[in-house]
>>> print(open('input29.tsv').read())   # TSV, C-alpha atoms and all ligand atoms
chain	number	residue	atom	x	y	z
A	127	MET	CA	-82.60	-14.85	-58.47
A	128	SER	CA	-82.13	-14.84	-54.70
A	129	GLY	CA	-84.61	-16.65	-52.49
A	130	ARG	CA	-85.42	-19.15	-55.20
A	131	TYR	CA	-86.89	-22.46	-54.11
A	132	ILE	CA	-84.40	-25.35	-54.31
A	133	GLY	CA	-85.70	-28.85	-53.65
A	134	ARG	CA	-84.14	-32.27	-54.01
A	135	PHE	CA	-84.70	-36.00	-54.17
A	136	ALA	CA	-81.99	-37.99	-52.40
A	137	PRO	CA	-82.30	-41.75	-52.98
A	138	SER	CA	-79.92	-44.32	-51.52
A	139	PRO	CA	-78.69	-46.62	-54.31
A	140	SER	CA	-79.41	-49.85	-52.44
A	141	GLY	CA	-81.70	-51.11	-55.21
A	142	PRO	CA	-83.94	-49.88	-58.04
A	143	LEU	CA	-86.48	-47.11	-57.55
A	144	HIS	CA	-89.62	-48.73	-56.12
A	145	ALA	CA	-93.20	-47.58	-55.68
A	146	GLY	CA	-92.49	-46.09	-52.23
A	147	SER	CA	-89.53	-44.00	-53.31
A	148	LEU	CA	-91.42	-42.83	-56.39
A	149	VAL	CA	-93.98	-41.24	-54.07
A	150	ALA	CA	-91.24	-39.16	-52.39
A	151	ALA	CA	-89.64	-38.33	-55.74
A	152	LEU	CA	-92.97	-37.22	-57.21
A	153	ALA	CA	-93.90	-35.07	-54.21
A	154	SER	CA	-90.52	-33.32	-54.18
A	155	LEU	CA	-90.64	-32.66	-57.91
A	156	LEU	CA	-94.23	-31.34	-57.86
A	157	ASP	CA	-93.43	-29.06	-54.94
A	158	ALA	CA	-90.38	-27.63	-56.72
A	159	ARG	CA	-92.35	-27.08	-59.92
A	160	VAL	CA	-95.34	-25.35	-58.34
A	161	HIS	CA	-92.91	-23.01	-56.56
A	162	ASP	CA	-91.12	-22.27	-59.83
A	163	GLY	CA	-88.11	-23.87	-58.20
A	164	ILE	CA	-85.14	-26.04	-59.01
A	165	TRP	CA	-85.24	-29.81	-58.42
A	166	LEU	CA	-81.92	-31.50	-57.67
A	167	LEU	CA	-80.95	-35.13	-57.42
A	168	ARG	CA	-78.45	-36.49	-54.94
A	169	ILE	CA	-77.23	-40.08	-54.74
A	170	GLU	CA	-76.89	-40.94	-51.06
A	171	ASP	CA	-74.29	-43.68	-51.24
A	172	ILE	CA	-72.48	-42.61	-48.07
A	173	ASP	CA	-73.26	-45.98	-46.49
A	174	GLU	CA	-71.14	-47.92	-48.94
A	175	THR	CA	-72.02	-51.21	-47.26
A	176	ARG	CA	-75.56	-50.83	-48.71
A	177	THR	CA	-74.64	-49.63	-52.19
A	178	VAL	CA	-75.65	-51.95	-55.00
A	179	ALA	CA	-73.55	-51.64	-58.16
A	180	GLY	CA	-75.50	-50.01	-60.99
A	181	ALA	CA	-78.43	-48.94	-58.75
A	182	ALA	CA	-77.65	-45.20	-58.96
A	183	GLU	CA	-77.61	-45.23	-62.77
A	184	ASP	CA	-80.76	-47.35	-62.74
A	185	ILE	CA	-82.60	-44.88	-60.47
A	186	VAL	CA	-81.61	-41.90	-62.65
A	187	ALA	CA	-82.70	-43.76	-65.81
A	188	THR	CA	-86.03	-44.74	-64.22
A	189	LEU	CA	-86.75	-41.16	-63.18
A	190	SER	CA	-85.97	-39.99	-66.72
A	191	ALA	CA	-88.29	-42.61	-68.16
A	192	LEU	CA	-91.01	-41.04	-65.97
A	193	ASP	CA	-90.21	-37.49	-67.24
A	194	MET	CA	-88.43	-36.59	-63.99
A	195	HIS	CA	-85.23	-34.77	-64.89
A	196	ALA	CA	-82.95	-32.99	-62.41
A	197	ASP	CA	-82.14	-29.31	-62.99
A	198	GLY	CA	-78.41	-29.67	-62.51
A	199	PRO	CA	-75.59	-32.11	-62.00
A	200	VAL	CA	-76.27	-35.13	-59.79
A	201	LEU	CA	-74.36	-34.92	-56.50
A	202	VAL	CA	-72.80	-38.19	-55.29
A	203	GLN	CA	-72.07	-38.47	-51.58
A	204	SER	CA	-69.20	-40.96	-51.86
A	205	GLN	CA	-67.26	-38.26	-53.73
A	206	ARG	CA	-67.74	-35.72	-50.96
A	207	ARG	CA	-66.03	-37.30	-47.96
A	208	ALA	CA	-63.65	-34.32	-47.62
A	209	ARG	CA	-66.64	-32.00	-47.19
A	210	TYR	CA	-68.01	-34.13	-44.33
A	211	ALA	CA	-64.57	-34.26	-42.69
A	212	ALA	CA	-64.34	-30.45	-42.92
A	213	ALA	CA	-67.74	-30.08	-41.25
A	214	ARG	CA	-66.71	-32.47	-38.49
A	215	GLU	CA	-63.59	-30.30	-37.88
A	216	ARG	CA	-65.76	-27.22	-37.53
A	217	LEU	CA	-67.81	-28.95	-34.84
A	218	GLY	CA	-64.65	-29.18	-32.68
A	219	ALA	CA	-65.18	-30.38	-29.13
A	220	ALA	CA	-68.92	-30.86	-29.65
A	221	VAL	CA	-67.86	-34.21	-31.13
A	222	TYR	CA	-66.18	-36.85	-29.00
A	223	PRO	CA	-64.89	-40.39	-29.45
A	224	CYS	CA	-67.08	-43.15	-28.07
A	225	GLY	CA	-65.88	-46.65	-27.34
A	226	CYS	CA	-69.24	-48.27	-26.57
A	227	SER	CA	-70.42	-51.28	-28.51
A	228	ARG	CA	-74.05	-51.61	-29.60
A	229	LYS	CA	-74.55	-54.22	-26.92
A	230	GLU	CA	-73.20	-51.98	-24.14
A	231	ILE	CA	-75.57	-49.21	-25.21
A	232	ALA	CA	-78.53	-51.60	-25.44
A	233	ASP	CA	-77.69	-52.95	-21.98
A	234	SER	CA	-77.91	-49.46	-20.48
A	235	ARG	CA	-81.71	-49.83	-20.74
A	236	LEU	CA	-82.44	-46.23	-21.56
A	237	GLY	CA	-84.76	-47.64	-24.17
A	238	LEU	CA	-85.15	-47.24	-27.88
A	239	ALA	CA	-85.47	-44.07	-29.89
A	240	SER	CA	-88.42	-44.02	-32.29
A	241	ASP	CA	-86.15	-45.07	-35.17
A	242	GLY	CA	-85.27	-48.24	-33.26
A	243	ALA	CA	-81.74	-47.18	-32.25
A	244	ALA	CA	-80.86	-47.44	-28.57
A	245	ILE	CA	-80.74	-44.08	-26.76
A	246	TYR	CA	-77.11	-43.36	-25.90
A	247	PRO	CA	-76.56	-43.01	-22.14
A	248	GLY	CA	-73.56	-40.64	-22.42
A	249	THR	CA	-70.98	-43.14	-21.11
A	250	CYS	CA	-67.98	-41.70	-23.02
A	251	ARG	CA	-68.95	-38.02	-22.74
A	252	ALA	CA	-66.26	-37.23	-20.18
A	253	GLY	CA	-63.57	-39.24	-21.98
A	254	LEU	CA	-62.86	-42.84	-22.85
A	255	ALA	CA	-62.51	-45.14	-19.86
A	256	PRO	CA	-59.02	-46.68	-19.53
A	257	GLY	CA	-58.58	-49.53	-21.97
A	258	LYS	CA	-61.51	-48.44	-24.19
A	259	LEU	CA	-60.75	-47.68	-27.82
A	260	ALA	CA	-62.65	-45.15	-29.91
A	261	ARG	CA	-65.21	-46.81	-32.20
A	262	THR	CA	-67.50	-43.99	-33.26
A	263	GLN	CA	-67.56	-40.19	-33.11
A	264	ARG	CA	-70.64	-38.75	-31.42
A	265	LEU	CA	-72.17	-35.31	-31.29
A	266	ARG	CA	-72.96	-33.99	-27.82
A	267	VAL	CA	-76.58	-32.83	-27.57
A	268	PRO	CA	-77.72	-30.30	-24.94
A	269	ASP	CA	-78.83	-31.62	-21.56
A	270	VAL	CA	-82.54	-31.85	-20.76
A	271	GLY	CA	-83.84	-28.34	-20.20
A	272	ALA	CA	-80.79	-26.62	-21.78
A	273	PRO	CA	-81.32	-24.28	-24.74
A	274	GLY	CA	-81.65	-26.13	-28.03
A	275	GLU	CA	-82.53	-29.48	-26.44
A	276	LEU	CA	-86.17	-29.24	-27.48
A	277	VAL	CA	-86.32	-28.90	-31.26
A	278	ARG	CA	-89.57	-27.70	-32.79
A	279	PHE	CA	-90.50	-27.32	-36.43
A	280	ASP	CA	-93.60	-27.03	-38.56
A	281	ASP	CA	-93.98	-29.80	-41.08
A	282	ARG	CA	-95.96	-28.63	-44.12
A	283	TRP	CA	-97.86	-31.94	-44.28
A	284	LEU	CA	-97.92	-33.10	-40.66
A	285	GLY	CA	-98.09	-29.81	-38.77
A	286	ALA	CA	-96.27	-28.90	-35.53
A	287	GLN	CA	-93.53	-31.33	-34.49
A	288	GLN	CA	-91.14	-31.47	-31.59
A	289	GLN	CA	-88.43	-33.73	-30.23
A	290	HIS	CA	-86.33	-33.70	-27.05
A	291	LEU	CA	-82.85	-34.54	-28.24
A	292	ALA	CA	-81.42	-35.59	-24.88
A	293	SER	CA	-84.23	-37.88	-23.77
A	294	GLU	CA	-85.48	-39.14	-27.14
A	295	VAL	CA	-82.23	-39.51	-29.09
A	296	GLY	CA	-79.10	-38.92	-27.01
A	297	ASP	CA	-75.66	-38.00	-28.34
A	298	PHE	CA	-75.71	-39.32	-31.88
A	299	VAL	CA	-73.12	-40.85	-34.19
A	300	LEU	CA	-71.48	-38.66	-36.86
A	301	GLN	CA	-68.80	-41.14	-37.85
A	302	ARG	CA	-69.52	-44.85	-37.68
A	303	ALA	CA	-67.36	-47.65	-36.35
A	304	ASP	CA	-66.57	-48.71	-39.93
A	305	GLY	CA	-65.28	-45.20	-40.65
A	306	PHE	CA	-68.15	-44.06	-42.87
A	307	TRP	CA	-69.73	-40.69	-42.16
A	308	ALA	CA	-73.25	-40.96	-40.81
A	309	TYR	CA	-76.28	-40.02	-42.90
A	310	GLN	CA	-77.20	-37.22	-40.44
A	311	LEU	CA	-73.95	-35.34	-41.07
A	312	ALA	CA	-73.82	-35.93	-44.82
A	313	VAL	CA	-77.42	-34.86	-45.43
A	314	VAL	CA	-77.01	-31.63	-43.46
A	315	VAL	CA	-73.77	-30.66	-45.27
A	316	ASP	CA	-75.22	-31.53	-48.68
A	317	ASP	CA	-78.57	-29.81	-48.20
A	318	ALA	CA	-76.69	-26.65	-47.16
A	319	GLU	CA	-74.05	-26.79	-49.90
A	320	GLN	CA	-76.70	-27.44	-52.57
A	321	GLY	CA	-78.66	-24.46	-51.21
A	322	VAL	CA	-81.73	-26.60	-50.53
A	323	THR	CA	-84.57	-24.44	-49.21
A	324	ASP	CA	-87.28	-27.11	-49.08
A	325	VAL	CA	-86.96	-30.76	-48.12
A	326	VAL	CA	-89.80	-33.02	-49.27
A	327	ARG	CA	-89.27	-36.69	-48.37
A	328	GLY	CA	-90.84	-39.77	-46.79
A	329	ALA	CA	-92.13	-39.77	-43.22
A	330	ASP	CA	-89.58	-42.44	-42.25
A	331	LEU	CA	-87.17	-39.49	-41.97
A	332	LEU	CA	-89.41	-37.35	-39.76
A	333	ASP	CA	-87.57	-38.64	-36.71
A	334	SER	CA	-84.18	-37.53	-38.11
A	335	THR	CA	-85.29	-33.95	-38.71
A	336	ALA	CA	-84.65	-32.60	-35.20
A	337	ARG	CA	-81.08	-33.94	-35.30
A	338	GLN	CA	-80.55	-32.31	-38.66
A	339	ILE	CA	-81.94	-28.97	-37.48
A	340	TYR	CA	-79.67	-29.07	-34.44
A	341	LEU	CA	-76.62	-29.79	-36.62
A	342	GLN	CA	-77.56	-27.00	-39.04
A	343	GLY	CA	-77.52	-24.58	-36.11
A	344	LEU	CA	-74.06	-25.71	-34.96
A	345	LEU	CA	-72.66	-25.43	-38.48
A	346	GLY	CA	-74.23	-22.02	-39.12
A	347	TYR	CA	-76.47	-23.29	-41.90
A	348	PRO	CA	-80.03	-22.11	-42.53
A	349	THR	CA	-82.82	-24.57	-41.75
A	350	PRO	CA	-84.90	-25.52	-44.79
A	351	SER	CA	-88.64	-26.03	-44.57
A	352	TYR	CA	-89.80	-29.64	-44.31
A	353	LEU	CA	-92.66	-31.66	-45.72
A	354	HIS	CA	-92.86	-35.38	-44.95
A	355	VAL	CA	-95.18	-37.47	-47.12
A	356	PRO	CA	-96.87	-40.62	-45.78
A	357	LEU	CA	-95.14	-43.91	-46.45
A	358	LEU	CA	-96.58	-46.36	-48.87
A	359	ALA	CA	-97.19	-49.64	-47.05
A	360	ASN	CA	-97.63	-53.13	-48.46
A	361	ALA	CA	-100.63	-55.36	-47.76
A	362	GLN	CA	-99.10	-56.36	-44.41
A	363	GLY	CA	-98.85	-52.69	-43.41
A	364	GLU	CA	-95.06	-52.72	-43.71
A	365	LYS	CA	-93.22	-49.81	-45.25
A	366	PHE	CA	-92.30	-50.47	-48.89
A	367	SER	CA	-88.56	-50.74	-48.96
A	368	LYS	CA	-85.79	-52.39	-50.83
A	369	GLN	CA	-85.16	-54.49	-47.70
A	370	ASN	CA	-88.55	-56.18	-47.81
A	371	GLY	CA	-88.40	-56.75	-51.53
A	372	ALA	CA	-90.65	-53.90	-52.65
A	373	GLN	CA	-91.68	-54.47	-56.19
A	374	ALA	CA	-89.81	-52.65	-58.90
A	375	LEU	CA	-91.82	-50.28	-61.03
A	376	ASP	CA	-93.36	-51.54	-64.23
A	377	LEU	CA	-91.81	-49.17	-66.75
A	378	SER	CA	-93.87	-50.58	-69.58
A	379	ARG	CA	-96.76	-48.69	-67.90
A	380	PRO	CA	-95.23	-45.34	-66.90
A	381	LEU	CA	-98.53	-43.43	-66.84
A	382	GLN	CA	-100.11	-45.99	-64.49
A	383	GLU	CA	-97.10	-45.93	-62.18
A	384	LEU	CA	-97.24	-42.13	-61.99
A	385	GLN	CA	-101.00	-42.21	-61.39
A	386	ARG	CA	-100.59	-44.75	-58.61
A	387	ALA	CA	-97.97	-42.60	-56.84
A	388	ALA	CA	-100.11	-39.47	-57.29
A	389	GLY	CA	-103.19	-41.29	-56.01
A	390	PHE	CA	-101.32	-42.26	-52.88
A	391	LEU	CA	-100.55	-38.56	-52.31
A	392	GLY	CA	-104.27	-37.82	-52.65
A	393	LEU	CA	-103.91	-36.19	-56.08
A	394	ASP	CA	-106.66	-37.06	-58.52
A	395	THR	CA	-105.10	-37.68	-61.92
A	396	ALA	CA	-107.42	-40.52	-62.99
A	397	ALA	CA	-108.69	-38.56	-66.00
A	398	ALA	CA	-105.23	-38.42	-67.59
A	399	THR	CA	-104.78	-40.52	-70.72
A	400	THR	CA	-101.36	-39.12	-71.63
A	401	ARG	CA	-98.33	-38.28	-69.52
A	402	GLU	CA	-98.58	-34.65	-70.51
A	403	HIS	CA	-102.12	-34.56	-69.18
A	404	PHE	CA	-100.99	-36.41	-66.05
A	405	TRP	CA	-98.39	-33.74	-65.27
A	406	SER	CA	-100.83	-30.93	-65.75
A	407	LEU	CA	-103.43	-32.53	-63.45
A	408	ALA	CA	-100.85	-33.50	-60.83
A	409	LEU	CA	-99.33	-30.00	-60.76
A	410	SER	CA	-102.71	-28.29	-60.35
A	411	ALA	CA	-103.77	-30.72	-57.64
A	412	TRP	CA	-100.49	-30.25	-55.72
A	413	ALA	CA	-100.63	-26.47	-56.19
A	414	ALA	CA	-104.14	-26.38	-54.74
A	415	ARG	CA	-102.86	-27.99	-51.54
A	416	PHE	CA	-99.25	-26.89	-51.17
A	417	GLY	CA	-98.70	-24.15	-53.74
A	418	PRO	CA	-97.56	-20.61	-53.02
A	419	ARG	CA	-100.19	-18.47	-51.38
B	501	LIG	N1	-81.31	-41.30	-48.72
B	501	LIG	C1	-82.49	-41.33	-47.91
B	501	LIG	C2	-83.37	-42.50	-48.34
B	501	LIG	O1	-83.26	-42.96	-49.46
B	501	LIG	C3	-83.30	-40.06	-48.02
B	501	LIG	C4	-82.66	-38.95	-47.28
B	501	LIG	C5	-83.42	-37.65	-47.30
B	501	LIG	O2	-84.29	-37.41	-48.14
B	501	LIG	O3	-83.09	-36.82	-46.43
B	501	LIG	O4	-84.17	-42.94	-47.54
>>> encode(input="input29.tsv", output="structure tokens")
Amino acid sequence: MSGRYIGRFAPSPSGPLHAGSLVAALASLLDARVHDGIWLLRIEDIDETRTVAGAAEDIVATLSALDMHADGPVLVQSQRRARYAAARERLGAAVYPCGCSRKEIADSRLGLASDGAAIYPGTCRAGLAPGKLARTQRLRVPDVGAPGELVRFDDRWLGAQQQHLASEVGDFVLQRADGFWAYQLAVVVDDAEQGVTDVVRGADLLDSTARQIYLQGLLGYPTPSYLHVPLLANAQGEKFSKQNGAQALDLSRPLQELQRAAGFLGLDTAAATTREHFWSLALSAWAARFGPR
């Protein structure tokens, strides 16, 4: 059937599934189901320096234990490097080698992008200075005021969004100094090649969306629709993440874990005493807010 909804959950296997990532997984699954869509799973192990052995299998097993089963084979980014290299080739001269170290970029004092990375000042745009060796490969973004520099999109949860690529991000890295392809390139290629129509994920990735939309345009890919769910924070107000030791899920209480994640999304499933009942309540509550009209 053409035009069918395809959604996905794309965890990085840097540790077990935790309460924060379950919220994103649950939202993406519910959205796919209420749109009679397909829900895919992708293991984002492109940053192999962060991969923890066994974490991918553990995440898939945890999702299964919570009745969350992907509708198709699981895609694994570390097996797809040739696809990212092919996309980089198609970008041609829009990508250029950069010899700047992190410190040199930080010292340029253009400030920090909202994701904490220093805004790149464009030092190597016109070619590497004599004696400088290529470290990374960067994508040239349009100059301030040029077409495409201001990226706008409507987020289904957060409403109208916009970002100026030149002044808020700068030319961004597609291939890292350690040779690994950057998340931004891999996610755009994979979403397109998996036919993803709807991205539902955590709001920590809101800031990456404009870069991804810009790359989709250059590569001739359609832009999916986006919905970013709020991030679960711990008692200190910090984002739950594997880095700050977010607690693993208690799989001896699957119903309670699902109810907690649903509650965080504002879905009332408190009346459920079985998982079957949970899914029916969660689906109706999500459909009432985000279902097809
Ligand atoms: N792999 C990313 C993460 O675990 C998610 C990427 C995405 O959903 O676009 O944070």
>>> residues_near_ligand(input="input29.tsv", ligand="ligand LIG 501 (chain B)", cutoff="9 Å", atoms="only C-alpha atoms and all ligand atoms", output="NGL selection string")
:A and (134-140 or 147 or 150 or 168-172 or 309-310 or 313-314 or 317 or 325-328 or 330-331 or 334-335)
>>> write_last_selection(input="input29.tsv", atoms="C-alpha atoms", output="compact mmCIF listing (two decimals), in the coordinates of the input")
# COMPACT_ATOMS: atom_id res chain seq x y z
CA ARG A 134 -84.14 -32.27 -54.01
CA PHE A 135 -84.70 -36.00 -54.17
CA ALA A 136 -81.99 -37.99 -52.40
CA PRO A 137 -82.30 -41.75 -52.98
CA SER A 138 -79.92 -44.32 -51.52
CA PRO A 139 -78.69 -46.62 -54.31
CA SER A 140 -79.41 -49.85 -52.44
CA SER A 147 -89.53 -44.00 -53.31
CA ALA A 150 -91.24 -39.16 -52.39
CA ARG A 168 -78.45 -36.49 -54.94
CA ILE A 169 -77.23 -40.08 -54.74
CA GLU A 170 -76.89 -40.94 -51.06
CA ASP A 171 -74.29 -43.68 -51.24
CA ILE A 172 -72.48 -42.61 -48.07
CA TYR A 309 -76.28 -40.02 -42.90
CA GLN A 310 -77.20 -37.22 -40.44
CA VAL A 313 -77.42 -34.86 -45.43
CA VAL A 314 -77.01 -31.63 -43.46
CA ASP A 317 -78.57 -29.81 -48.20
CA VAL A 325 -86.96 -30.76 -48.12
CA VAL A 326 -89.80 -33.02 -49.27
CA ARG A 327 -89.27 -36.69 -48.37
CA GLY A 328 -90.84 -39.77 -46.79
CA ASP A 330 -89.58 -42.44 -42.25
CA LEU A 331 -87.17 -39.49 -41.97
CA SER A 334 -84.18 -37.53 -38.11
CA THR A 335 -85.29 -33.95 -38.71
>>> closest_residue(input="input29.tsv", among="A:Ala387, A:Val221, A:Ala213, A:Leu300", to="A:Gly346", atoms="all atoms listed in the file")
A:Ala213
>>> closest_residue(input="input29.tsv", among="A:Tyr131, A:Tyr347, A:Tyr222, A:Trp405", to="A:Ile164", atoms="all atoms listed in the file")
A:Tyr131
>>> residues_around(input="input29.tsv", residues="A:Cys250", least_positions_apart="4", cutoff="9 Å", atoms="only C-alpha atoms", output="list in words")
Tyr222, Pro223, Cys224, Gly225, Cys226, Leu254 and Ala255 of chain A
>>> closest_atom_pairs(input="input29.tsv", of="stretch 379-406 of chain A", to="stretch 192-202 of chain A", cutoff="12 Å", atoms="all atoms listed in the file", output="tab-separated table")
residue	atom	partner	partner_atom	distance
A:Arg379	CA	A:Leu192	CA	9.8
A:Pro380	CA	A:Leu192	CA	6.1
A:Leu381	CA	A:Leu192	CA	7.9
A:Gln382	CA	A:Leu192	CA	10.5
A:Glu383	CA	A:Leu192	CA	8.7
A:Leu384	CA	A:Leu192	CA	7.5
A:Gln385	CA	A:Leu192	CA	11.1
A:Ala387	CA	A:Leu192	CA	11.6
A:Thr400	CA	A:Leu192	CA	12.0
A:Arg401	CA	A:Asp193	CA	8.5
A:Glu402	CA	A:Asp193	CA	9.4
A:Phe404	CA	A:Asp193	CA	10.9
A:Trp405	CA	A:Asp193	CA	9.2
>>> atom_distance(input="input29.tsv", atom1="atom CA of A:Ile231", atom2="atom CA of A:Tyr246")
6.1 Å
>>> closest_residue(input="input29.tsv", among="A:Arg261, A:Asp316, A:Leu189, A:Leu155", to="A:Gln342", atoms="all atoms listed in the file")
A:Asp316
>>> atom_distance(input="input29.tsv", atom1="atom CA of A:Ala303", atom2="atom CA of A:Arg214")
15.3 Å
>>> residues_around(input="input29.tsv", residues="A:Val355", least_positions_apart="2", cutoff="12 Å", atoms="only C-alpha atoms", output="number ranges by chain")
A: 146-154, 157, 281-285, 325-332, 352-353, 357-358, 387-388, 390-392
>>> decode(input="input29.tsv", residues="stretch 166-245 of chain A", atoms="C-alpha atoms", output="short mmCIF file (atom, residue, chain, number, x, y, z; two decimals), in the first residue's frame")
data_model
loop_
_atom_site.label_atom_id
_atom_site.label_comp_id
_atom_site.auth_asym_id
_atom_site.auth_seq_id
_atom_site.Cartn_x
_atom_site.Cartn_y
_atom_site.Cartn_z
CA LEU A 166 10.88 -0.54 12.64
CA LEU A 167 13.86 -0.91 14.90
CA ARG A 168 17.32 0.34 14.06
CA ILE A 169 20.45 -0.16 16.15
CA GLU A 170 22.46 3.05 15.94
CA ASP A 171 25.93 1.73 16.63
CA ILE A 172 27.65 4.03 14.14
CA ASP A 173 29.68 5.58 16.97
CA GLU A 174 31.55 2.39 17.73
CA THR A 175 33.48 4.07 20.53
CA ARG A 176 30.22 4.11 22.56
CA THR A 177 28.97 0.63 21.73
CA VAL A 178 28.71 -1.72 24.68
CA ALA A 179 28.96 -5.42 23.81
CA GLY A 180 25.62 -7.18 24.18
CA ALA A 181 23.61 -3.94 24.62
CA ALA A 182 21.84 -4.20 21.25
CA GLU A 183 20.60 -7.73 21.96
CA ASP A 184 19.63 -6.63 25.46
CA ILE A 185 17.57 -3.69 24.16
CA VAL A 186 15.73 -5.89 21.63
CA ALA A 187 15.02 -8.50 24.32
CA THR A 188 13.75 -5.82 26.74
CA LEU A 189 11.42 -4.38 24.13
CA SER A 190 10.07 -7.87 23.41
CA ALA A 191 9.50 -8.47 27.11
CA LEU A 192 7.34 -5.32 27.03
CA ASP A 193 5.33 -6.58 23.99
CA MET A 194 7.15 -4.20 21.64
CA HIS A 195 8.05 -6.14 18.51
CA ALA A 196 9.44 -4.62 15.31
CA ASP A 197 7.59 -5.23 12.04
CA GLY A 198 10.65 -6.23 10.06
CA PRO A 199 14.33 -6.99 10.25
CA VAL A 200 16.42 -4.87 12.63
CA LEU A 201 18.78 -2.56 10.73
CA VAL A 202 22.29 -2.24 12.19
CA GLN A 203 24.25 0.89 11.29
CA SER A 204 27.73 -0.62 11.64
CA GLN A 205 26.85 -2.92 8.73
CA ARG A 206 25.90 -0.02 6.48
CA ARG A 207 29.10 2.00 6.17
CA ALA A 208 29.12 1.59 2.36
CA ARG A 209 25.70 3.27 2.18
CA TYR A 210 26.97 6.29 4.13
CA ALA A 211 30.08 6.49 1.92
CA ALA A 212 27.85 6.42 -1.19
CA ALA A 213 25.75 9.28 0.18
CA ARG A 214 28.87 11.29 0.96
CA GLU A 215 29.99 10.79 -2.69
CA ARG A 216 26.69 12.13 -3.94
CA LEU A 217 27.17 15.28 -1.88
CA GLY A 218 30.31 16.06 -3.94
CA ALA A 219 31.85 19.46 -3.34
CA ALA A 220 29.28 20.38 -0.69
CA VAL A 221 31.59 18.40 1.62
CA TYR A 222 35.12 19.57 2.33
CA PRO A 223 38.04 18.45 4.47
CA CYS A 224 38.61 20.39 7.68
CA GLY A 225 41.85 20.39 9.61
CA CYS A 226 40.67 22.28 12.70
CA SER A 227 41.00 20.76 16.14
CA ARG A 228 38.22 21.12 18.71
CA LYS A 229 40.37 23.62 20.56
CA GLU A 230 40.91 25.80 17.48
CA ILE A 231 37.16 25.89 16.86
CA ALA A 232 36.40 26.66 20.52
CA ASP A 233 39.00 29.45 20.45
CA SER A 234 37.23 31.14 17.54
CA ARG A 235 34.63 32.32 20.09
CA LEU A 236 31.64 32.06 17.81
CA GLY A 237 29.95 30.46 20.77
CA LEU A 238 28.17 27.21 21.38
CA ALA A 239 25.34 25.66 19.44
CA SER A 240 22.38 24.58 21.56
CA ASP A 241 23.68 20.99 21.61
CA GLY A 242 26.87 22.23 23.25
CA ALA A 243 29.11 21.87 20.17
CA ALA A 244 31.14 24.92 19.17
CA ILE A 245 29.80 26.75 16.10
#
